[in-house]
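Peer 1: Next up, data_33.json (JSON, C-alpha atoms).
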[["chain", "number", "residue", "atom", "x", "y", "z"],
["Q", 252, "MET", "CA", 11.71, -24.32, -4.62],
["Q", 253, "GLU", "CA", 9.83, -25.08, -1.38],
["Q", 254, "GLN", "CA", 11.84, -22.46, 0.46],
["Q", 255, "LEU", "CA", 11.07, -19.89, -2.24],
["Q", 256, "ILE", "CA", 7.36, -20.76, -2.10],
["Q", 257, "GLN", "CA", 7.30, -20.21, 1.65],
["Q", 258, "LYS", "CA", 9.11, -16.88, 1.25],
["Q", 259, "LEU", "CA", 6.75, -15.80, -1.52],
["Q", 260, "LYS", "CA", 3.71, -16.58, 0.63],
["Q", 261, "GLU", "CA", 5.08, -14.34, 3.38],
["Q", 262, "GLU", "CA", 5.84, -11.56, 0.90],
["Q", 263, "ILE", "CA", 2.36, -11.80, -0.63],
["Q", 264, "ILE", "CA", 0.72, -11.57, 2.81],
["Q", 265, "ASP", "CA", 2.81, -8.52, 3.57],
["Q", 266, "ALA", "CA", 2.35, -6.80, 0.19],
["Q", 267, "LEU", "CA", -1.40, -7.35, 0.03],
["Q", 268, "ASN", "CA", -2.13, -6.68, 3.71],
["Q", 269, "LEU", "CA", -3.60, -10.13, 4.18],
["Q", 270, "SER", "CA", -2.84, -9.84, 7.87],
["Q", 271, "GLU", "CA", -5.64, -12.20, 8.85],
["Q", 272, "MET", "CA", -3.90, -15.04, 6.99],
["Q", 273, "ASN", "CA", -0.82, -17.12, 7.65],
["Q", 274, "PRO", "CA", 1.35, -18.81, 4.97],
["Q", 275, "GLU", "CA", -0.06, -22.26, 5.72],
["Q", 276, "GLN", "CA", -3.51, -21.11, 4.67],
["Q", 277, "ILE", "CA", -2.34, -20.33, 1.14],
["Q", 278, "ASP", "CA", -2.49, -23.29, -1.21],
["Q", 279, "GLU", "CA", 0.52, -22.85, -3.49],
["Q", 280, "LYS", "CA", -1.27, -24.49, -6.42],
["Q", 281, "ALA", "CA", -4.64, -22.73, -6.02],
["Q", 282, "PRO", "CA", -5.51, -19.79, -8.30],
["Q", 283, "LEU", "CA", -4.66, -16.49, -6.66],
["Q", 284, "PHE", "CA", -7.49, -14.64, -8.36],
["Q", 285, "VAL", "CA", -11.27, -15.09, -8.15],
["Q", 286, "ASP", "CA", -11.48, -18.64, -6.75],
["Q", 287, "GLY", "CA", -8.47, -18.98, -4.48],
["Q", 288, "LEU", "CA", -7.50, -15.93, -2.44],
["Q", 289, "GLY", "CA", -10.09, -13.83, -4.26],
["Q", 290, "LEU", "CA", -7.58, -11.17, -5.25],
["Q", 291, "ASP", "CA", -8.52, -8.29, -7.56],
["Q", 292, "SER", "CA", -6.87, -6.19, -10.27],
["Q", 293, "ILE", "CA", -5.15, -3.88, -7.78],
["Q", 294, "ASP", "CA", -3.64, -6.95, -6.13],
["Q", 295, "ALA", "CA", -2.39, -8.09, -9.55],
["Q", 296, "LEU", "CA", -0.56, -4.78, -9.90],
["Q", 297, "GLU", "CA", 0.82, -5.15, -6.40],
["Q", 298, "LEU", "CA", 2.16, -8.63, -7.19],
["Q", 299, "THR", "CA", 3.72, -7.31, -10.38],
["Q", 300, "VAL", "CA", 5.47, -4.61, -8.34],
["Q", 301, "LEU", "CA", 6.57, -7.28, -5.83],
["Q", 302, "LEU", "CA", 8.25, -9.34, -8.56],
["Q", 303, "GLU", "CA", 10.08, -6.28, -9.85],
["Q", 304, "LYS", "CA", 11.03, -4.88, -6.45],
["Q", 305, "LYS", "CA", 12.15, -8.10, -4.76],
["Q", 306, "TYR", "CA", 13.37, -10.14, -7.71],
["Q", 307, "GLY", "CA", 14.12, -7.60, -10.44],
["Q", 308, "LEU", "CA", 11.70, -9.33, -12.80],
["Q", 309, "ARG", "CA", 9.28, -7.65, -15.18],
["Q", 310, "ILE", "CA", 6.17, -9.16, -16.68],
["Q", 311, "SER", "CA", 6.12, -7.99, -20.26],
["Q", 312, "THR", "CA", 2.64, -8.88, -21.50],
["Q", 313, "ALA", "CA", -0.85, -9.42, -20.09],
["Q", 314, "GLU", "CA", -0.75, -13.01, -21.30],
["Q", 315, "GLU", "CA", 2.47, -13.67, -19.45],
["Q", 316, "GLY", "CA", 0.97, -11.98, -16.38],
["Q", 317, "LYS", "CA", -1.97, -14.39, -16.39],
["Q", 318, "LYS", "CA", 0.38, -17.38, -16.44],
["Q", 319, "VAL", "CA", 2.92, -16.06, -13.94],
["Q", 320, "LEU", "CA", 0.38, -14.76, -11.43],
["Q", 321, "TYR", "CA", -1.86, -17.82, -11.61],
["Q", 322, "SER", "CA", -0.62, -19.27, -8.32],
["Q", 323, "VAL", "CA", 2.20, -18.99, -5.80],
["Q", 324, "ARG", "CA", 3.85, -21.98, -7.47],
["Q", 325, "SER", "CA", 3.70, -20.41, -10.94],
["Q", 326, "MET", "CA", 5.28, -17.25, -9.52],
["Q", 327, "ALA", "CA", 8.04, -19.32, -7.93],
["Q", 328, "GLU", "CA", 8.61, -21.19, -11.21],
["Q", 329, "PHE", "CA", 8.89, -17.86, -13.06],
["Q", 330, "ILE", "CA", 11.45, -16.60, -10.54],
["Q", 331, "THR", "CA", 13.45, -19.86, -10.74],
["Q", 332, "ALA", "CA", 13.31, -19.97, -14.57],
["Q", 333, "ASN", "CA", 14.80, -16.49, -14.65],
["Q", 334, "GLY", "CA", 17.60, -17.43, -12.30],
["Q", 335, "LYS", "CA", 16.45, -15.15, -9.48],
["Q", 336, "ALA", "CA", 15.65, -17.74, -6.86],
["Y", 142, "MET", "CA", -38.67, 22.36, 2.06],
["Y", 143, "THR", "CA", -41.45, 19.87, 2.56],
["Y", 144, "ASN", "CA", -39.82, 17.18, 4.65],
["Y", 145, "SER", "CA", -37.23, 17.99, 7.24],
["Y", 146, "GLY", "CA", -36.29, 14.37, 7.87],
["Y", 147, "ILE", "CA", -35.36, 12.46, 11.00],
["Y", 148, "ILE", "CA", -32.19, 10.98, 12.39],
["Y", 149, "SER", "CA", -32.80, 7.30, 13.04],
["Y", 150, "ARG", "CA", -29.46, 6.45, 14.51],
["Y", 151, "PHE", "CA", -25.98, 7.80, 14.95],
["Y", 152, "CYS", "CA", -22.55, 6.35, 15.62],
["Y", 153, "SER", "CA", -19.26, 7.84, 16.70],
["Y", 154, "ILE", "CA", -15.73, 6.50, 16.95],
["Y", 155, "HIS", "CA", -13.47, 8.76, 18.96],
["Y", 156, "ASP", "CA", -10.84, 8.28, 21.68],
["Y", 157, "ASN", "CA", -10.85, 4.53, 20.95],
["Y", 158, "THR", "CA", -14.50, 4.30, 21.91],
["Y", 159, "VAL", "CA", -17.44, 3.26, 19.76],
["Y", 160, "VAL", "CA", -20.75, 4.89, 20.71],
["Y", 161, "VAL", "CA", -24.08, 4.15, 19.04],
["Y", 162, "ASN", "CA", -27.08, 6.26, 20.04],
["Y", 163, "HIS", "CA", -25.36, 7.52, 23.21],
["Y", 164, "ARG", "CA", -24.50, 3.98, 24.30],
["Y", 165, "THR", "CA", -20.87, 2.84, 24.46],
["Y", 166, "GLU", "CA", -20.60, -0.37, 22.44],
["Y", 167, "PHE", "CA", -16.85, -0.93, 22.64],
["Y", 168, "SER", "CA", -13.80, 0.74, 24.10],
["Y", 169, "HIS", "CA", -10.10, -0.06, 24.20],
["Y", 170, "PRO", "CA", -7.98, 2.93, 25.22],
["Y", 171, "ASN", "CA", -4.29, 3.59, 24.67],
["Y", 172, "GLU", "CA", -3.89, 1.82, 21.38],
["Y", 173, "LYS", "CA", -2.85, 3.03, 17.94],
["Y", 174, "LEU", "CA", -5.86, 3.66, 15.74],
["Y", 175, "GLU", "CA", -5.18, 0.96, 13.14],
["Y", 176, "LYS", "CA", -4.77, -1.70, 15.81],
["Y", 177, "PHE", "CA", -7.87, -0.45, 17.60],
["Y", 178, "LEU", "CA", -9.91, -0.63, 14.38],
["Y", 179, "THR", "CA", -8.76, -4.20, 13.76],
["Y", 180, "ARG", "CA", -9.82, -4.99, 17.31],
["Y", 181, "VAL", "CA", -13.27, -3.48, 16.64],
["Y", 182, "TYR", "CA", -13.58, -5.47, 13.41],
["Y", 183, "GLN", "CA", -12.73, -8.71, 15.21],
["Y", 184, "HIS", "CA", -14.84, -7.93, 18.28],
["Y", 185, "PHE", "CA", -17.99, -7.53, 16.20],
["Y", 186, "ALA", "CA", -17.05, -10.53, 14.02],
["Y", 187, "ILE", "CA", -17.66, -8.68, 10.76],
["Y", 188, "PRO", "CA", -17.23, -11.12, 7.85],
["Y", 189, "TYR", "CA", -15.51, -8.87, 5.28],
["Y", 190, "PRO", "CA", -11.82, -9.76, 4.73],
["Y", 191, "LYS", "CA", -11.33, -6.84, 2.33],
["Y", 192, "PHE", "CA", -11.33, -4.70, 5.47],
["Y", 193, "TYR", "CA", -7.68, -5.62, 6.01],
["Y", 194, "LYS", "CA", -6.66, -4.13, 2.68],
["Y", 195, "MET", "CA", -8.27, -0.73, 3.22],
["Y", 196, "ASP", "CA", -6.39, 2.37, 4.27],
["Y", 197, "ILE", "CA", -7.03, 3.68, 7.78],
["Y", 198, "LEU", "CA", -9.54, 6.34, 6.72],
["Y", 199, "SER", "CA", -11.59, 3.73, 4.86],
["Y", 200, "LYS", "CA", -11.35, 1.34, 7.81],
["Y", 201, "LEU", "CA", -12.66, 4.08, 10.08],
["Y", 202, "GLY", "CA", -15.53, 4.89, 7.72],
["Y", 203, "PHE", "CA", -16.31, 1.25, 7.00],
["Y", 204, "LEU", "CA", -16.57, 0.35, 10.70],
["Y", 205, "SER", "CA", -18.55, 3.49, 11.54],
["Y", 206, "VAL", "CA", -21.18, 2.59, 8.96],
["Y", 207, "GLU", "CA", -21.08, -1.08, 9.89],
["Y", 208, "LEU", "CA", -21.92, -0.27, 13.51],
["Y", 209, "LEU", "CA", -24.37, 2.44, 12.55],
["Y", 210, "LEU", "CA", -26.44, -0.06, 10.56],
["Y", 211, "ARG", "CA", -25.79, -3.23, 12.55],
["Y", 212, "ASP", "CA", -28.98, -5.22, 13.26],
["Y", 213, "THR", "CA", -31.21, -2.29, 12.29],
["Y", 214, "GLY", "CA", -32.69, -3.28, 8.92],
["Y", 215, "LEU", "CA", -32.59, 0.44, 8.08],
["Y", 216, "LEU", "CA", -31.11, -0.01, 4.61],
["Y", 217, "GLU", "CA", -33.55, -2.78, 3.71],
["Y", 218, "LYS", "CA", -36.39, -0.25, 3.86],
["Y", 219, "TYR", "CA", -35.03, 1.58, 0.82],
["Y", 220, "GLU", "CA", -33.88, 0.84, -2.70],
["Y", 221, "GLY", "CA", -30.13, 1.15, -3.22],
["Y", 222, "HIS", "CA", -30.46, 4.01, -5.69],
["Y", 223, "LYS", "CA", -32.57, 6.02, -3.23],
["Y", 224, "THR", "CA", -29.90, 5.74, -0.54],
["Y", 225, "GLY", "CA", -27.00, 8.18, -0.44],
["Y", 226, "ILE", "CA", -23.73, 8.74, 1.40],
["Y", 227, "MET", "CA", -22.62, 12.32, 2.17],
["Y", 228, "LEU", "CA", -19.40, 12.54, 4.10],
["Y", 229, "MET", "CA", -17.09, 15.36, 5.06],
["Y", 230, "ASN", "CA", -13.71, 15.94, 6.65],
["Y", 231, "ALA", "CA", -10.87, 18.45, 6.84],
["Y", 232, "SER", "CA", -7.86, 16.40, 5.78],
["Y", 233, "SER", "CA", -9.21, 14.57, 2.77],
["Y", 234, "SER", "CA", -6.99, 11.46, 2.28],
["Y", 235, "LEU", "CA", -3.84, 13.27, 3.44],
["Y", 236, "ASP", "CA", -2.54, 10.40, 5.57],
["Y", 237, "THR", "CA", -2.55, 7.99, 2.66],
["Y", 238, "ASP", "CA", -1.28, 10.71, 0.32],
["Y", 239, "ARG", "CA", 1.76, 11.01, 2.59],
["Y", 240, "ARG", "CA", 2.31, 7.25, 2.53],
["Y", 241, "HIS", "CA", 2.16, 7.31, -1.25],
["Y", 242, "GLN", "CA", 4.57, 10.25, -1.38],
["Y", 243, "GLU", "CA", 7.04, 8.39, 0.84],
["Y", 244, "SER", "CA", 6.94, 5.42, -1.53],
["Y", 245, "ILE", "CA", 7.97, 7.55, -4.51],
["Y", 246, "LEU", "CA", 10.52, 9.88, -2.88],
["Y", 247, "ASP", "CA", 13.56, 7.79, -3.72],
["Y", 248, "ARG", "CA", 14.07, 7.80, -7.49],
["Y", 249, "ALA", "CA", 16.59, 4.98, -7.18],
["Y", 250, "ASN", "CA", 14.05, 2.80, -5.38],
["Y", 251, "TYR", "CA", 10.88, 3.86, -7.15],
["Y", 252, "PHE", "CA", 8.14, 1.35, -6.44],
["Y", 253, "PRO", "CA", 4.81, 3.07, -5.83],
["Y", 254, "SER", "CA", 2.32, 0.70, -4.29],
["Y", 255, "PRO", "CA", -0.95, 0.35, -6.25],
["Y", 256, "ALA", "CA", -2.69, -0.77, -3.05],
["Y", 257, "ILE", "CA", -1.73, 2.52, -1.37],
["Y", 258, "PHE", "CA", -2.23, 4.74, -4.39],
["Y", 259, "VAL", "CA", -5.79, 3.55, -4.92],
["Y", 260, "TYR", "CA", -6.79, 5.15, -1.59],
["Y", 261, "THR", "CA", -5.40, 8.61, -2.37],
["Y", 262, "LEU", "CA", -8.90, 10.05, -2.65],
["Y", 263, "PRO", "CA", -11.37, 10.27, 0.26],
["Y", 264, "ASN", "CA", -14.32, 9.21, -1.86],
["Y", 265, "ILE", "CA", -12.75, 5.78, -2.21],
["Y", 266, "MET", "CA", -14.05, 5.30, 1.33],
["Y", 267, "ILE", "CA", -17.55, 6.01, 0.02],
["Y", 268, "GLY", "CA", -16.94, 3.43, -2.69],
["Y", 269, "GLU", "CA", -15.93, 0.79, -0.14],
["Y", 270, "ILE", "CA", -19.07, 1.47, 1.93],
["Y", 271, "SER", "CA", -21.27, 1.49, -1.18],
["Y", 272, "ILE", "CA", -19.91, -1.86, -2.36],
["Y", 273, "ARG", "CA", -20.39, -3.41, 1.07],
["Y", 274, "HIS", "CA", -24.01, -2.21, 1.44],
["Y", 275, "LYS", "CA", -25.07, -2.12, -2.23],
["Y", 276, "ILE", "CA", -25.74, 1.60, -2.06],
["Y", 277, "THR", "CA", -26.04, 3.07, -5.55],
["Y", 278, "GLY", "CA", -27.53, 6.52, -4.85],
["Y", 279, "GLU", "CA", -25.57, 9.75, -4.75],
["Y", 280, "GLY", "CA", -22.29, 9.62, -2.90],
["Y", 281, "THR", "CA", -20.34, 12.81, -2.31],
["Y", 282, "PHE", "CA", -17.34, 13.68, -0.20],
["Y", 283, "PHE", "CA", -16.85, 17.28, 0.94],
["Y", 284, "VAL", "CA", -13.65, 18.76, 2.31],
["Y", 285, "ARG", "CA", -14.23, 21.58, 4.80],
["Y", 286, "GLU", "CA", -12.00, 23.18, 7.41],
["Y", 287, "ARG", "CA", -14.41, 22.12, 10.13],
["Y", 288, "PHE", "CA", -17.61, 20.16, 10.53],
["Y", 289, "ASP", "CA", -20.33, 22.08, 8.70],
["Y", 290, "ALA", "CA", -23.68, 20.81, 9.95],
["Y", 291, "SER", "CA", -25.75, 23.45, 8.13],
["Y", 292, "PHE", "CA", -24.20, 22.63, 4.78],
["Y", 293, "LEU", "CA", -24.79, 18.89, 5.08],
["Y", 294, "VAL", "CA", -28.37, 19.37, 6.27],
["Y", 295, "SER", "CA", -29.29, 21.72, 3.43],
["Y", 296, "TYR", "CA", -27.58, 19.52, 0.83],
["Y", 297, "ILE", "CA", -29.36, 16.37, 1.95],
["Y", 298, "ARG", "CA", -32.70, 18.13, 2.30],
["Y", 299, "GLN", "CA", -32.40, 19.31, -1.28],
["Y", 300, "LEU", "CA", -31.82, 15.73, -2.41],
["Y", 301, "PHE", "CA", -34.85, 14.63, -0.41],
["Y", 302, "ASP", "CA", -37.05, 17.44, -1.74],
["Y", 303, "THR", "CA", -36.14, 16.75, -5.36],
["Y", 304, "GLY", "CA", -36.89, 13.03, -4.94],
["Y", 305, "ILE", "CA", -33.33, 11.93, -5.64],
["Y", 306, "LEU", "CA", -32.88, 10.28, -2.24],
["Y", 307, "GLN", "CA", -35.10, 8.89, 0.48],
["Y", 308, "CYS", "CA", -32.40, 8.29, 3.05],
["Y", 309, "SER", "CA", -28.70, 8.91, 3.56],
["Y", 310, "ILE", "CA", -25.72, 8.08, 5.65],
["Y", 311, "ALA", "CA", -23.98, 11.34, 6.50],
["Y", 312, "GLY", "CA", -21.42, 12.93, 8.77],
["Y", 313, "TRP", "CA", -17.80, 13.64, 9.52],
["Y", 314, "ILE", "CA", -14.94, 11.13, 9.21],
["Y", 315, "GLU", "CA", -11.56, 12.70, 9.85],
["Y", 316, "LYS", "CA", -8.09, 11.19, 10.12],
["Y", 317, "ASN", "CA", -4.81, 13.10, 10.15],
["Y", 318, "GLY", "CA", -1.78, 11.70, 11.91],
["Y", 319, "ASP", "CA", -2.75, 10.56, 15.38],
["Y", 320, "ASP", "CA", -5.93, 12.64, 15.37],
["Y", 321, "TYR", "CA", -9.17, 11.11, 14.25],
["Y", 322, "GLU", "CA", -12.89, 11.28, 14.81],
["Y", 323, "SER", "CA", -15.94, 9.84, 13.19],
["Y", 324, "VAL", "CA", -19.48, 11.06, 13.80],
["Y", 325, "ILE", "CA", -22.07, 9.76, 11.37],
["Y", 326, "TYR", "CA", -25.82, 9.33, 11.32],
["Y", 327, "PHE", "CA", -28.60, 7.77, 9.29],
["Y", 328, "VAL", "CA", -31.21, 10.26, 8.12],
["Y", 329, "GLU", "CA", -34.57, 9.40, 6.57],
["Y", 330, "LYS", "CA", -37.02, 11.56, 4.70],
["Y", 331, "THR", "CA", -40.25, 11.30, 6.62],
["Y", 332, "ASP", "CA", -43.25, 13.26, 7.78],
["Y", 333, "SER", "CA", -43.49, 11.57, 11.15],
["Y", 334, "PRO", "CA", -40.75, 12.88, 13.43],
["Y", 335, "MET", "CA", -41.67, 10.44, 16.20],
["Y", 336, "ASP", "CA", -40.06, 7.60, 14.21],
["Y", 337, "GLY", "CA", -36.52, 8.77, 14.82],
["Y", 338, "ILE", "CA", -34.37, 9.68, 17.75],
["Y", 339, "ALA", "CA", -33.95, 13.31, 16.73],
["Y", 340, "ASN", "CA", -35.05, 15.86, 14.18],
["Y", 341, "PHE", "CA", -32.81, 16.34, 11.19],
["Y", 342, "ASP", "CA", -31.66, 19.92, 11.59],
["Y", 343, "ALA", "CA", -28.30, 21.66, 11.87],
["Y", 344, "ALA", "CA", -28.61, 22.44, 15.59],
["Y", 345, "THR", "CA", -29.29, 18.80, 16.48],
["Y", 346, "ILE", "CA", -26.49, 17.49, 14.26],
["Y", 347, "GLN", "CA", -24.08, 20.04, 15.72],
["Y", 348, "LYS", "CA", -25.10, 19.01, 19.24],
["Y", 349, "ILE", "CA", -24.39, 15.34, 18.47],
["Y", 350, "TYR", "CA", -21.00, 16.27, 17.03],
["Y", 351, "ASP", "CA", -20.09, 18.57, 19.95],
["Y", 352, "LYS", "CA", -20.96, 15.87, 22.45],
["Y", 353, "VAL", "CA", -18.43, 13.52, 20.85],
["Y", 354, "LYS", "CA", -15.75, 16.21, 20.80]]
Hey, can you dump this file as structure tokens for me?
Peer 2:
Amino acid sequence: MEQLIQKLKEEIIDALNLSEMNPEQIDEKAPLFVDGLGLDSIDALELTVLLEKKYGLRISTAEEGKKVLYSVRSMAEFITANGKA
Amino acid sequence: MTNSGIISRFCSIHDNTVVVNHRTEFSHPNEKLEKFLTRVYQHFAIPYPKFYKMDILSKLGFLSVELLLRDTGLLEKYEGHKTGIMLMNASSSLDTDRRHQESILDRANYFPSPAIFVYTLPNIMIGEISIRHKITGEGTFFVRERFDASFLVSYIRQLFDTGILQCSIAGWIEKNGDDYESVIYFVEKTDSPMDGIANFDAATIQKIYDKVK
């Protein structure tokens, strides 16, 4: 799980052009949106594409999206639960 | 036409050099544009992390306006809805359009990037600048084959004369492949031409542009 979290942080930095950040600066448990990294709706779409492109996983509903994209850890748990880790 | 307006300040970014009112503020030759723009952003310590997410055209426009207005208090003189942004270029958002096209060429690996797609219009750059500076007046992006000083002057004067705007950021921000140039200015509606650095007329604007070229 820790390895996946580290990999996800690097992929998020790359996908969202957060080039001023390094993985250590991202708190895996902190909310990705509003409070934490301050991401917006376009970033949410980008993360959804990332999950599909890199892990072959689709988020089927908005409710599921809110839970899965809450934090780096919740994304990693979603990937692991679907056997794609 | 009752008020011809004055140019308070202008800024250009060309050949990896930032010039504000004829004075070179920063230069770093022989570097790719995106890297150069990041260097400019960091050099002037601009606290706006969203900069990193913008496409190159928006980065160029964002920094041009940032340095145009830096430490001037020009915007504070006017209400947001009386301030406009009128920009022009020849290539629209073609660079980013190409990037988007590349991302959707392969049907077997079809993952268009929302973060790229969102910049496939040049007026998104105006949106980025408006959000940053709380500008809520008219914002229009024109696509012309070449810089058209007369058109921009007459358009802005009309907005001044009809009371829609009291000031505007205006100019040319072009990016296509390795070629780029940004020449923008801040124009104010006023009756006292001594307040600015130049009169707001097509000949003066053209002269400023030609000097950068």
Peer 1: For stretch 315-323 of chain Y, please output as a list in words all residues within 8 Å (counting only C-alpha atoms; exclusion window: fewer than 4 positions along the same chain).
Peer 2: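 Result of the neighbour search: Cys152, Ser153, Ile154, His155, Asp156, Lys173, Leu174, Ile197, Leu198, Leu201, Gly202, Ser205, Met229, Asn230, Ala231, Ser232, Ser233, Ser234, Leu235 and Asp236 of chain Y.
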Peer 1: Determine the nearest neighbour of chain Q from the options Y:Ile148, Y:Met195, Y:Val324, Y:Leu300, counting all atoms listed in the file.
Peer 2: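 Of the candidates, the smallest distance to chain Q is held by Y:Met195.
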Peer 1: Kindly indicate which residue among Y:Met227, Y:Leu215, Y:Ala249, Y:Ala339 lies nearest to chain Q, using only C-alpha atoms for the distances.
Peer 2: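 Closest to chain Q, using only C-alpha atoms: Y:Ala249.
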Peer 1: Can I get the residues of chain Y within 7 Å of chain Q, each with the closest pair of atoms and their distance in Å to one decimal, using all atoms listed in the file, sorted chain first then ascending number, as a Markdown table?
Peer 2:
| residue | atom | partner | partner_atom | distance |
| --- | --- | --- | --- | --- |
| Y:Tyr193 | CA | Q:Asn268 | CA | 6.1 |
| Y:Lys194 | CA | Q:Asn268 | CA | 5.3 |
| Y:Phe252 | CA | Q:Val300 | CA | 6.8 |
| Y:Ser254 | CA | Q:Glu297 | CA | 6.4 |
| Y:Pro255 | CA | Q:Glu297 | CA | 5.8 |
| Y:Ala256 | CA | Q:Ile293 | CA | 6.2 |
Peer 1: So that I can check the surroundings of stretch 262-271 of chain Y, please list as a list in words every protein, DNA and RNA residue that reaches within 6 Å of it, counting all atoms listed in the file and ignoring chain neighbours fewer than 4 positions away.
Peer 2: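 The residues that qualify are Ser199, Phe203, Ser233, Ser234, Lys275, Ile276 and Phe282 of chain Y.
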Peer 1: So which one's closest to Y:Asp342, Y:Ser295, Y:Thr237, Y:Thr165, Y:Thr158? Using only C-alpha atoms, please.
Peer 2: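 Among Y:Ser295, Y:Thr237, Y:Thr165, Y:Thr158, it is Y:Ser295 that comes nearest to Y:Asp342.
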Peer 1: Of the candidates Y:Phe192, Y:Phe185, Y:Tyr251, Y:Tyr350, which one gets nearest to Y:Asp212 if we count only C-alpha atoms?
Peer 2: Y:Phe185
Peer 1: Can you measure atom CA of Y:Asp196 to atom CA of Y:Tyr182 for me? One decimal in Å is fine.
Peer 2: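 Value for the atom CA of Y:Asp196-atom CA of Y:Tyr182 distance: 14.0 Å.
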Peer 1: Residues within 8 Å of Q:Ser325, please, as a PyMOL selection string. Count only C-alpha atoms; anything in the same chain fewer than 6 positions from it doesn't count.
Peer 2: chain Q and resi 280+318-319
Peer 1: Atom CA of Y:His184 and atom CA of Y:Thr281 are how many Å apart?
Peer 2: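 Atom-to-atom, atom CA of Y:His184 to atom CA of Y:Thr281, that is 29.7 Å.
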